[in-house]
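Novice: File start_9.json below, JSON, C-alpha atoms:
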```
[["chain", "number", "residue", "atom", "x", "y", "z"],
["V", 1, "SER", "CA", -9.21, -7.55, -20.88],
["V", 2, "ARG", "CA", -9.22, -7.06, -17.11],
["V", 3, "ASP", "CA", -7.59, -3.61, -17.13],
["V", 4, "LEU", "CA", -10.40, -1.99, -19.15],
["V", 5, "ALA", "CA", -13.99, -1.61, -18.00],
["V", 6, "ARG", "CA", -16.29, -3.22, -20.54],
["V", 7, "ALA", "CA", -19.32, -1.22, -21.56],
["V", 8, "VAL", "CA", -22.19, -3.37, -22.80],
["V", 9, "VAL", "CA", -25.04, -1.53, -24.45],
["V", 10, "GLN", "CA", -28.38, -3.14, -23.61],
["V", 11, "GLY", "CA", -31.25, -1.35, -25.30],
["V", 12, "SER", "CA", -31.25, 2.24, -24.06],
["V", 13, "GLY", "CA", -29.26, 1.64, -20.81],
["V", 14, "ILE", "CA", -25.50, 0.97, -20.51],
["V", 15, "SER", "CA", -24.19, -1.52, -17.93],
["V", 16, "VAL", "CA", -20.47, -1.27, -17.16],
["V", 17, "ALA", "CA", -18.40, -4.21, -15.87],
["V", 18, "MET", "CA", -16.05, -2.50, -13.39],
["V", 19, "VAL", "CA", -12.58, -3.61, -12.31],
["V", 20, "LYS", "CA", -12.47, -5.42, -8.97],
["V", 21, "TYR", "CA", -10.30, -4.30, -6.05],
["V", 22, "SER", "CA", -9.24, -6.57, -3.19],
["V", 23, "ARG", "CA", -11.00, -4.29, -0.68],
["V", 24, "GLU", "CA", -13.26, -1.25, -0.57],
["V", 25, "ALA", "CA", -12.63, 2.10, 1.09],
["V", 26, "SER", "CA", -14.21, 2.58, 4.52],
["V", 27, "ASN", "CA", -15.86, 5.78, 3.21],
["V", 28, "PRO", "CA", -16.18, 5.52, -0.61],
["V", 29, "SER", "CA", -17.53, 9.08, -1.01],
["V", 30, "LYS", "CA", -14.25, 10.45, 0.47],
["V", 31, "ALA", "CA", -11.93, 8.04, -1.36],
["V", 32, "CYS", "CA", -10.37, 7.58, -4.80],
["V", 33, "LYS", "CA", -8.71, 4.59, -6.48],
["V", 34, "ALA", "CA", -6.10, 3.78, -9.11],
["V", 35, "GLN", "CA", -5.00, 0.45, -10.54],
["V", 36, "GLY", "CA", -2.38, -0.87, -12.94],
["V", 37, "VAL", "CA", -2.54, -4.38, -14.44],
["V", 38, "ASP", "CA", 0.33, -6.41, -15.97],
["V", 39, "LEU", "CA", 2.85, -3.60, -15.47],
["V", 40, "ARG", "CA", 6.31, -4.36, -16.89],
["V", 41, "VAL", "CA", 8.17, -3.71, -13.64],
["V", 42, "HIS", "CA", 9.74, -6.21, -11.29],
["V", 43, "TYR", "CA", 7.23, -7.45, -8.73],
["V", 44, "LYS", "CA", 9.66, -7.49, -5.78],
["V", 45, "ASN", "CA", 10.96, -3.95, -6.37],
["V", 46, "THR", "CA", 7.42, -2.62, -6.84],
["V", 47, "TYR", "CA", 6.23, -4.40, -3.68],
["V", 48, "GLU", "CA", 8.93, -2.71, -1.57],
["V", 49, "THR", "CA", 8.23, 0.68, -3.20],
["V", 50, "ALA", "CA", 4.50, 0.40, -2.47],
["V", 51, "GLN", "CA", 5.07, -0.66, 1.15],
["V", 52, "ALA", "CA", 7.36, 2.34, 1.69],
["V", 53, "ILE", "CA", 4.60, 4.85, 0.80],
["V", 54, "LYS", "CA", 1.70, 3.14, 2.63],
["V", 55, "GLY", "CA", 0.15, 5.51, 5.16],
["V", 56, "MET", "CA", 1.81, 8.62, 3.69],
["V", 57, "LYS", "CA", -0.06, 11.71, 2.51],
["V", 58, "LEU", "CA", -0.34, 11.99, -1.27],
["V", 59, "LYS", "CA", 1.94, 15.04, -1.65],
["V", 60, "VAL", "CA", 4.53, 13.58, 0.77],
["V", 61, "ALA", "CA", 4.58, 10.26, -1.15],
["V", 62, "GLN", "CA", 4.98, 12.04, -4.50],
["V", 63, "GLN", "CA", 7.93, 14.09, -3.18],
["V", 64, "TYR", "CA", 9.51, 10.97, -1.65],
["V", 65, "LEU", "CA", 9.31, 9.01, -4.92],
["V", 66, "GLN", "CA", 10.78, 12.00, -6.82],
["V", 67, "ASP", "CA", 13.71, 11.93, -4.36],
["V", 68, "VAL", "CA", 14.11, 8.17, -4.95],
["V", 69, "CYS", "CA", 14.32, 8.79, -8.74],
["V", 70, "GLU", "CA", 17.05, 11.39, -8.08],
["V", 71, "LYS", "CA", 18.76, 8.95, -5.62],
["V", 72, "LYS", "CA", 18.51, 11.42, -2.74],
["V", 73, "ARG", "CA", 16.52, 8.93, -0.60],
["V", 74, "CYS", "CA", 16.23, 5.15, -0.81],
["V", 75, "ILE", "CA", 13.48, 2.52, -0.67],
["V", 76, "PRO", "CA", 14.04, 0.28, 2.37],
["V", 77, "PHE", "CA", 13.92, -3.43, 1.45],
["V", 78, "ARG", "CA", 12.14, -5.23, 4.30],
["V", 79, "LYS", "CA", 10.76, -8.46, 2.81],
["V", 80, "TYR", "CA", 12.78, -9.29, -0.31],
["V", 81, "LYS", "CA", 16.16, -8.42, 1.15],
["V", 82, "GLY", "CA", 18.43, -11.26, 0.07],
["V", 83, "THR", "CA", 21.71, -9.94, -1.44],
["V", 84, "ILE", "CA", 20.49, -6.33, -1.12],
["V", 85, "GLY", "CA", 23.36, -3.92, -0.43],
["V", 86, "ARG", "CA", 23.49, -1.62, 2.57],
["V", 87, "THR", "CA", 23.19, 2.15, 2.41],
["V", 88, "ALA", "CA", 23.27, 4.94, 4.99],
["V", 89, "GLN", "CA", 20.06, 6.36, 3.47],
["V", 90, "ALA", "CA", 18.13, 3.38, 4.94],
["V", 91, "LYS", "CA", 18.81, 4.67, 8.49],
["V", 92, "GLU", "CA", 15.84, 7.02, 7.99],
["V", 93, "PHE", "CA", 13.60, 3.92, 8.23],
["V", 94, "LYS", "CA", 15.67, 2.19, 10.95],
["V", 95, "MET", "CA", 16.87, -0.31, 8.34],
["V", 96, "SER", "CA", 20.26, -0.99, 6.79],
["V", 97, "GLN", "CA", 19.33, -2.37, 3.34],
["V", 98, "GLY", "CA", 17.88, -0.22, 0.59],
["V", 99, "ARG", "CA", 17.89, 0.44, -3.16],
["V", 100, "TRP", "CA", 16.69, 2.98, -5.72],
["V", 101, "PRO", "CA", 14.22, 1.14, -8.01],
["V", 102, "VAL", "CA", 13.65, 4.08, -10.39],
["V", 103, "LYS", "CA", 11.40, 2.22, -12.83],
["V", 104, "SER", "CA", 9.07, 1.04, -10.04],
["V", 105, "ALA", "CA", 9.07, 4.52, -8.47],
["V", 106, "LYS", "CA", 8.03, 6.11, -11.78],
["V", 107, "ILE", "CA", 5.21, 3.57, -12.27],
["V", 108, "VAL", "CA", 3.86, 4.17, -8.74],
["V", 109, "LEU", "CA", 4.19, 7.95, -9.29],
["V", 110, "GLY", "CA", 2.05, 7.59, -12.41],
["V", 111, "LEU", "CA", -0.61, 5.69, -10.44],
["V", 112, "LEU", "CA", -0.59, 8.38, -7.73],
["V", 113, "GLN", "CA", -1.04, 11.02, -10.42],
["V", 114, "ASN", "CA", -4.01, 9.03, -11.80],
["V", 115, "ALA", "CA", -5.52, 8.74, -8.31],
["V", 116, "GLU", "CA", -5.05, 12.50, -7.81],
["V", 117, "ALA", "CA", -6.93, 13.20, -11.06],
["V", 118, "ASN", "CA", -9.73, 10.87, -9.91],
["V", 119, "ALA", "CA", -9.85, 12.74, -6.57],
["V", 120, "GLU", "CA", -10.13, 16.13, -8.33],
["V", 121, "PHE", "CA", -12.97, 14.73, -10.45],
["V", 122, "LYS", "CA", -14.78, 13.78, -7.20],
["V", 123, "ASN", "CA", -14.02, 17.25, -5.70],
["V", 124, "LEU", "CA", -11.88, 15.80, -2.88],
["V", 125, "ASP", "CA", -9.19, 17.75, -1.03],
["V", 126, "THR", "CA", -5.96, 16.40, -2.61],
["V", 127, "ASP", "CA", -3.79, 17.99, 0.12],
["V", 128, "ASN", "CA", -5.60, 15.91, 2.73],
["V", 129, "LEU", "CA", -5.49, 12.50, 0.95],
["V", 130, "VAL", "CA", -3.76, 9.60, 2.71],
["V", 131, "ILE", "CA", -2.66, 6.33, 1.04],
["V", 132, "GLN", "CA", -4.91, 3.96, 2.96],
["V", 133, "HIS", "CA", -4.42, 0.77, 0.95],
["V", 134, "VAL", "CA", -1.66, -0.40, -1.43],
["V", 135, "GLN", "CA", -1.45, -3.90, -2.83],
["V", 136, "VAL", "CA", 1.04, -5.39, -5.27],
["V", 137, "ASN", "CA", 0.45, -8.86, -6.71],
["V", 138, "ALA", "CA", 2.70, -10.89, -9.01],
["V", 139, "ALA", "CA", 1.22, -11.06, -12.53],
["V", 140, "GLN", "CA", 1.57, -13.90, -15.01],
["V", 141, "GLN", "CA", 5.20, -14.18, -16.09],
["V", 142, "GLY", "CA", 6.23, -13.35, -19.63],
["V", 143, "ARG", "CA", 8.15, -16.10, -21.41],
["V", 144, "ARG", "CA", 11.14, -15.62, -23.69],
["V", 145, "ARG", "CA", 14.09, -17.87, -24.52],
["V", 146, "THR", "CA", 17.81, -17.67, -24.06],
["V", 147, "TYR", "CA", 20.36, -19.78, -25.93],
["V", 148, "ARG", "CA", 22.66, -22.00, -23.86],
["V", 149, "ALA", "CA", 25.70, -24.11, -24.58],
["V", 150, "HIS", "CA", 25.44, -27.35, -26.59],
["V", 151, "GLY", "CA", 22.40, -26.21, -28.52],
["V", 152, "ARG", "CA", 20.05, -26.06, -25.55],
["V", 153, "ILE", "CA", 17.43, -23.39, -24.89],
["V", 154, "GLY", "CA", 16.68, -22.02, -21.42],
["V", 155, "PRO", "CA", 13.74, -19.98, -20.08],
["V", 156, "TYR", "CA", 14.09, -16.19, -19.91],
["V", 157, "MET", "CA", 11.13, -15.04, -17.82],
["V", 158, "ASN", "CA", 10.03, -11.61, -16.63],
["V", 159, "CYS", "CA", 8.05, -10.90, -13.43],
["V", 160, "PRO", "CA", 5.42, -8.19, -13.99],
["V", 161, "ALA", "CA", 3.03, -6.89, -11.32],
["V", 162, "HIS", "CA", -0.53, -5.75, -10.64],
["V", 163, "VAL", "CA", -0.79, -2.64, -8.41],
["V", 164, "GLU", "CA", -3.84, -1.12, -6.74],
["V", 165, "LEU", "CA", -4.13, 2.00, -4.57],
["V", 166, "ILE", "CA", -6.92, 3.46, -2.45],
["V", 167, "LEU", "CA", -6.53, 7.00, -1.10],
["V", 168, "GLN", "CA", -8.91, 8.54, 1.40],
["V", 169, "GLU", "CA", -9.31, 11.96, 3.00],
["V", 170, "ALA", "CA", -7.88, 11.98, 6.52],
["V", 171, "GLU", "CA", -10.64, 12.21, 9.10],
["V", 172, "GLU", "CA", -10.41, 15.05, 11.61],
["V", 173, "ALA", "CA", -9.73, 13.92, 15.15],
["V", 174, "VAL", "CA", -12.82, 14.34, 17.35],
["V", 175, "GLU", "CA", -12.39, 14.48, 21.12],
["V", 176, "LYS", "CA", -14.23, 11.72, 22.94],
["V", 177, "PRO", "CA", -16.78, 13.09, 25.46],
["V", 178, "GLU", "CA", -16.06, 12.22, 29.09],
["V", 179, "GLU", "CA", -18.29, 9.47, 30.40],
["V", 180, "ASP", "CA", -19.67, 9.35, 33.95],
["V", 181, "VAL", "CA", -17.68, 6.92, 36.06],
["V", 182, "LYS", "CA", -20.01, 4.17, 37.29],
["V", 183, "PRO", "CA", -19.57, 2.98, 40.90],
["V", 184, "LYS", "CA", -17.98, -0.47, 41.09],
["V", 185, "LYS", "CA", -20.19, -3.32, 42.25],
["V", 186, "PHE", "CA", -18.73, -6.10, 44.40],
["V", 187, "THR", "CA", -20.09, -9.56, 45.23],
["V", 188, "LYS", "CA", -20.56, -10.65, 48.85],
["V", 189, "LYS", "CA", -17.44, -12.82, 48.57],
["V", 190, "GLN", "CA", -15.33, -9.90, 47.26],
["V", 191, "LEU", "CA", -16.60, -7.65, 50.09],
["V", 192, "ALA", "CA", -15.73, -10.33, 52.67],
["V", 193, "MET", "CA", -12.21, -10.67, 51.18],
["V", 194, "ARG", "CA", -11.72, -6.90, 51.33],
["V", 195, "ARG", "CA", -12.82, -6.84, 55.01],
["V", 196, "LEU", "CA", -10.32, -9.63, 55.73],
["V", 197, "LYS", "CA", -7.49, -7.64, 54.08],
["V", 198, "VAL", "CA", -8.37, -4.54, 56.14],
["V", 199, "GLY", "CA", -8.55, -6.61, 59.34],
["V", 200, "GLN", "CA", -5.08, -8.11, 58.73]]
```
Please lay out the structure from this file as structure tokens.
Specialist:
Amino acid sequence: SRDLARAVVQGSGISVAMVKYSREASNPSKACKAQGVDLRVHYKNTYETAQAIKGMKLKVAQQYLQDVCEKKRCIPFRKYKGTIGRTAQAKEFKMSQGRWPVKSAKIVLGLLQNAEANAEFKNLDTDNLVIQHVQVNAAQQGRRRTYRAHGRIGPYMNCPAHVELILQEAEEAVEKPEEDVKPKKFTKKQLAMRRLKVGQ
């Protein structure tokens, strides 16, 4: 299956078919990844949860999601916001609509924990990791049935999700050296126009 890397033994060497990500880190040696496939959480809730933590530091994101689970802070709903109730907690994000998708928050927390373990294995500084890339895709829907009036049967689908994260160490800001200012060059026409303006 896609979520497990397949190891194929060929003679003495082992070739491993790795899981694909939608993009690669800009500096792979300073980055770590985590991925979940066919997770039984609602796609829309998980999408909003992932978008809320994008760009945060690892420790900050973990604390934020813990607060969401305890309903101290909310997840702002920016894209899938139809019929979403309003809450004062969304003012923090300059929004009015928000919810507390606890199941999604716990799943994303688990992925962050996995990414943190991968970072420690690569000897990265976990206090300096920033969530550079988060992507949530809708997975194939699960099909069940529900029983309707007059002997009919209706669909009873679920909407799972694929989630991928890439965390990277924040680069230290380096001051740009001052460049020598080059003298401006003017064409003959521009010089003539300037002389005209001075003469007026």
Novice: Env of V:Lys59: 12 Å cut, atoms = only C-alpha atoms, seq-sep filter 5 positions within chain, self excluded. Answer as an MDAnalysis selection string.
Specialist: chainID V and resid 53 64:66 109 112:113 115:116 125:131 167
Novice: Those same residues, written as a PDB file, in the coordinates of the input with C-alpha atoms?
Specialist:
```pdb
ATOM      1  CA  ILE V  53       4.600   4.850   0.800  1.00  0.00           C
ATOM      2  CA  TYR V  64       9.510  10.970  -1.650  1.00  0.00           C
ATOM      3  CA  LEU V  65       9.310   9.010  -4.920  1.00  0.00           C
ATOM      4  CA  GLN V  66      10.780  12.000  -6.820  1.00  0.00           C
ATOM      5  CA  LEU V 109       4.190   7.950  -9.290  1.00  0.00           C
ATOM      6  CA  LEU V 112      -0.590   8.380  -7.730  1.00  0.00           C
ATOM      7  CA  GLN V 113      -1.040  11.020 -10.420  1.00  0.00           C
ATOM      8  CA  ALA V 115      -5.520   8.740  -8.310  1.00  0.00           C
ATOM      9  CA  GLU V 116      -5.050  12.500  -7.810  1.00  0.00           C
ATOM     10  CA  ASP V 125      -9.190  17.750  -1.030  1.00  0.00           C
ATOM     11  CA  THR V 126      -5.960  16.400  -2.610  1.00  0.00           C
ATOM     12  CA  ASP V 127      -3.790  17.990   0.120  1.00  0.00           C
ATOM     13  CA  ASN V 128      -5.600  15.910   2.730  1.00  0.00           C
ATOM     14  CA  LEU V 129      -5.490  12.500   0.950  1.00  0.00           C
ATOM     15  CA  VAL V 130      -3.760   9.600   2.710  1.00  0.00           C
ATOM     16  CA  ILE V 131      -2.660   6.330   1.040  1.00  0.00           C
ATOM     17  CA  LEU V 167      -6.530   7.000  -1.100  1.00  0.00           C
TER      18      LEU V 167
END
```
Novice: For atom CA of V:Pro76 and atom CA of V:Gln97, quote the distance in Å rounded to one decimal.
Specialist: 6.0 Å
Novice: Of the candidates V:Val19, V:Gln140, V:Arg148, V:Asn114, which shows the shortest atom-to-atom distance to V:Gln62, using only C-alpha atoms?
Specialist: V:Asn114
Novice: Work out how far atom CA of V:Pro101 is from atom CA of V:Thr49, in Å to one decimal.
Specialist: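 Between these atoms lies a distance of 7.7 Å.
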Novice: Residues within 10 Å of V:Gly142, please, as a list in words. Count all atoms listed in the file; anything in the same chain fewer than 3 positions from it doesn't count.
Specialist: Asp38, Arg40, Ala139, Tyr156, Met157, Asn158, Cys159 and Pro160 of chain V
Novice: Please indicate the distance in Å from atom CA of V:Arg78 to atom CA of V:Ala90, rounded to one decimal place.
Specialist: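 Straight-line distance from atom CA of V:Arg78 to atom CA of V:Ala90 works out to 10.5 Å.
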Novice: Which one is closest to V:Ala88: V:Ala52, V:Cys74, V:Val134, V:Val60? Count all atoms listed in the file.
Specialist: V:Cys74
Novice: Show me, as a short mmCIF file (atom, residue, chain, number, x, y, z; two decimals) with C-alpha atoms, keeping the file's coordinate frame, the residues that have an atom within 9 Å of V:Asn137 when counting only C-alpha atoms, minus same-chain residues fewer than 2 positions from it.
Specialist:
```cif
data_model
loop_
_atom_site.label_atom_id
_atom_site.label_comp_id
_atom_site.auth_asym_id
_atom_site.auth_seq_id
_atom_site.Cartn_x
_atom_site.Cartn_y
_atom_site.Cartn_z
CA TYR V 43 7.23 -7.45 -8.73
CA TYR V 47 6.23 -4.40 -3.68
CA GLN V 135 -1.45 -3.90 -2.83
CA ALA V 139 1.22 -11.06 -12.53
CA PRO V 160 5.42 -8.19 -13.99
CA ALA V 161 3.03 -6.89 -11.32
CA HIS V 162 -0.53 -5.75 -10.64
CA VAL V 163 -0.79 -2.64 -8.41
CA GLU V 164 -3.84 -1.12 -6.74
#
```
Novice: Given all atoms listed in the file as the basis, pick out the residue of V:Glu48, V:Glu92, V:Leu58, V:Gly36 nearest to V:Ile107.
Specialist: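 Of V:Glu48, V:Glu92, V:Leu58, V:Gly36, the one nearest V:Ile107, counting all atoms listed in the file, is V:Gly36.
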Novice: Which residue gives the smallest distance to V:Arg73 among V:Thr87, V:Asn45, V:Gln51, V:Asn118, with all atoms listed in the file counted?
Specialist: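 Counting all atoms listed in the file, the residue closest to V:Arg73 is V:Thr87.
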Novice: From the options V:Lys71, V:Lys30, V:Arg99, V:Arg195, which residue's atoms come nearest to V:Ala170, counting only C-alpha atoms?
Specialist: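 Of V:Lys71, V:Lys30, V:Arg99, V:Arg195, the one nearest V:Ala170 is V:Lys30, counting only C-alpha atoms.
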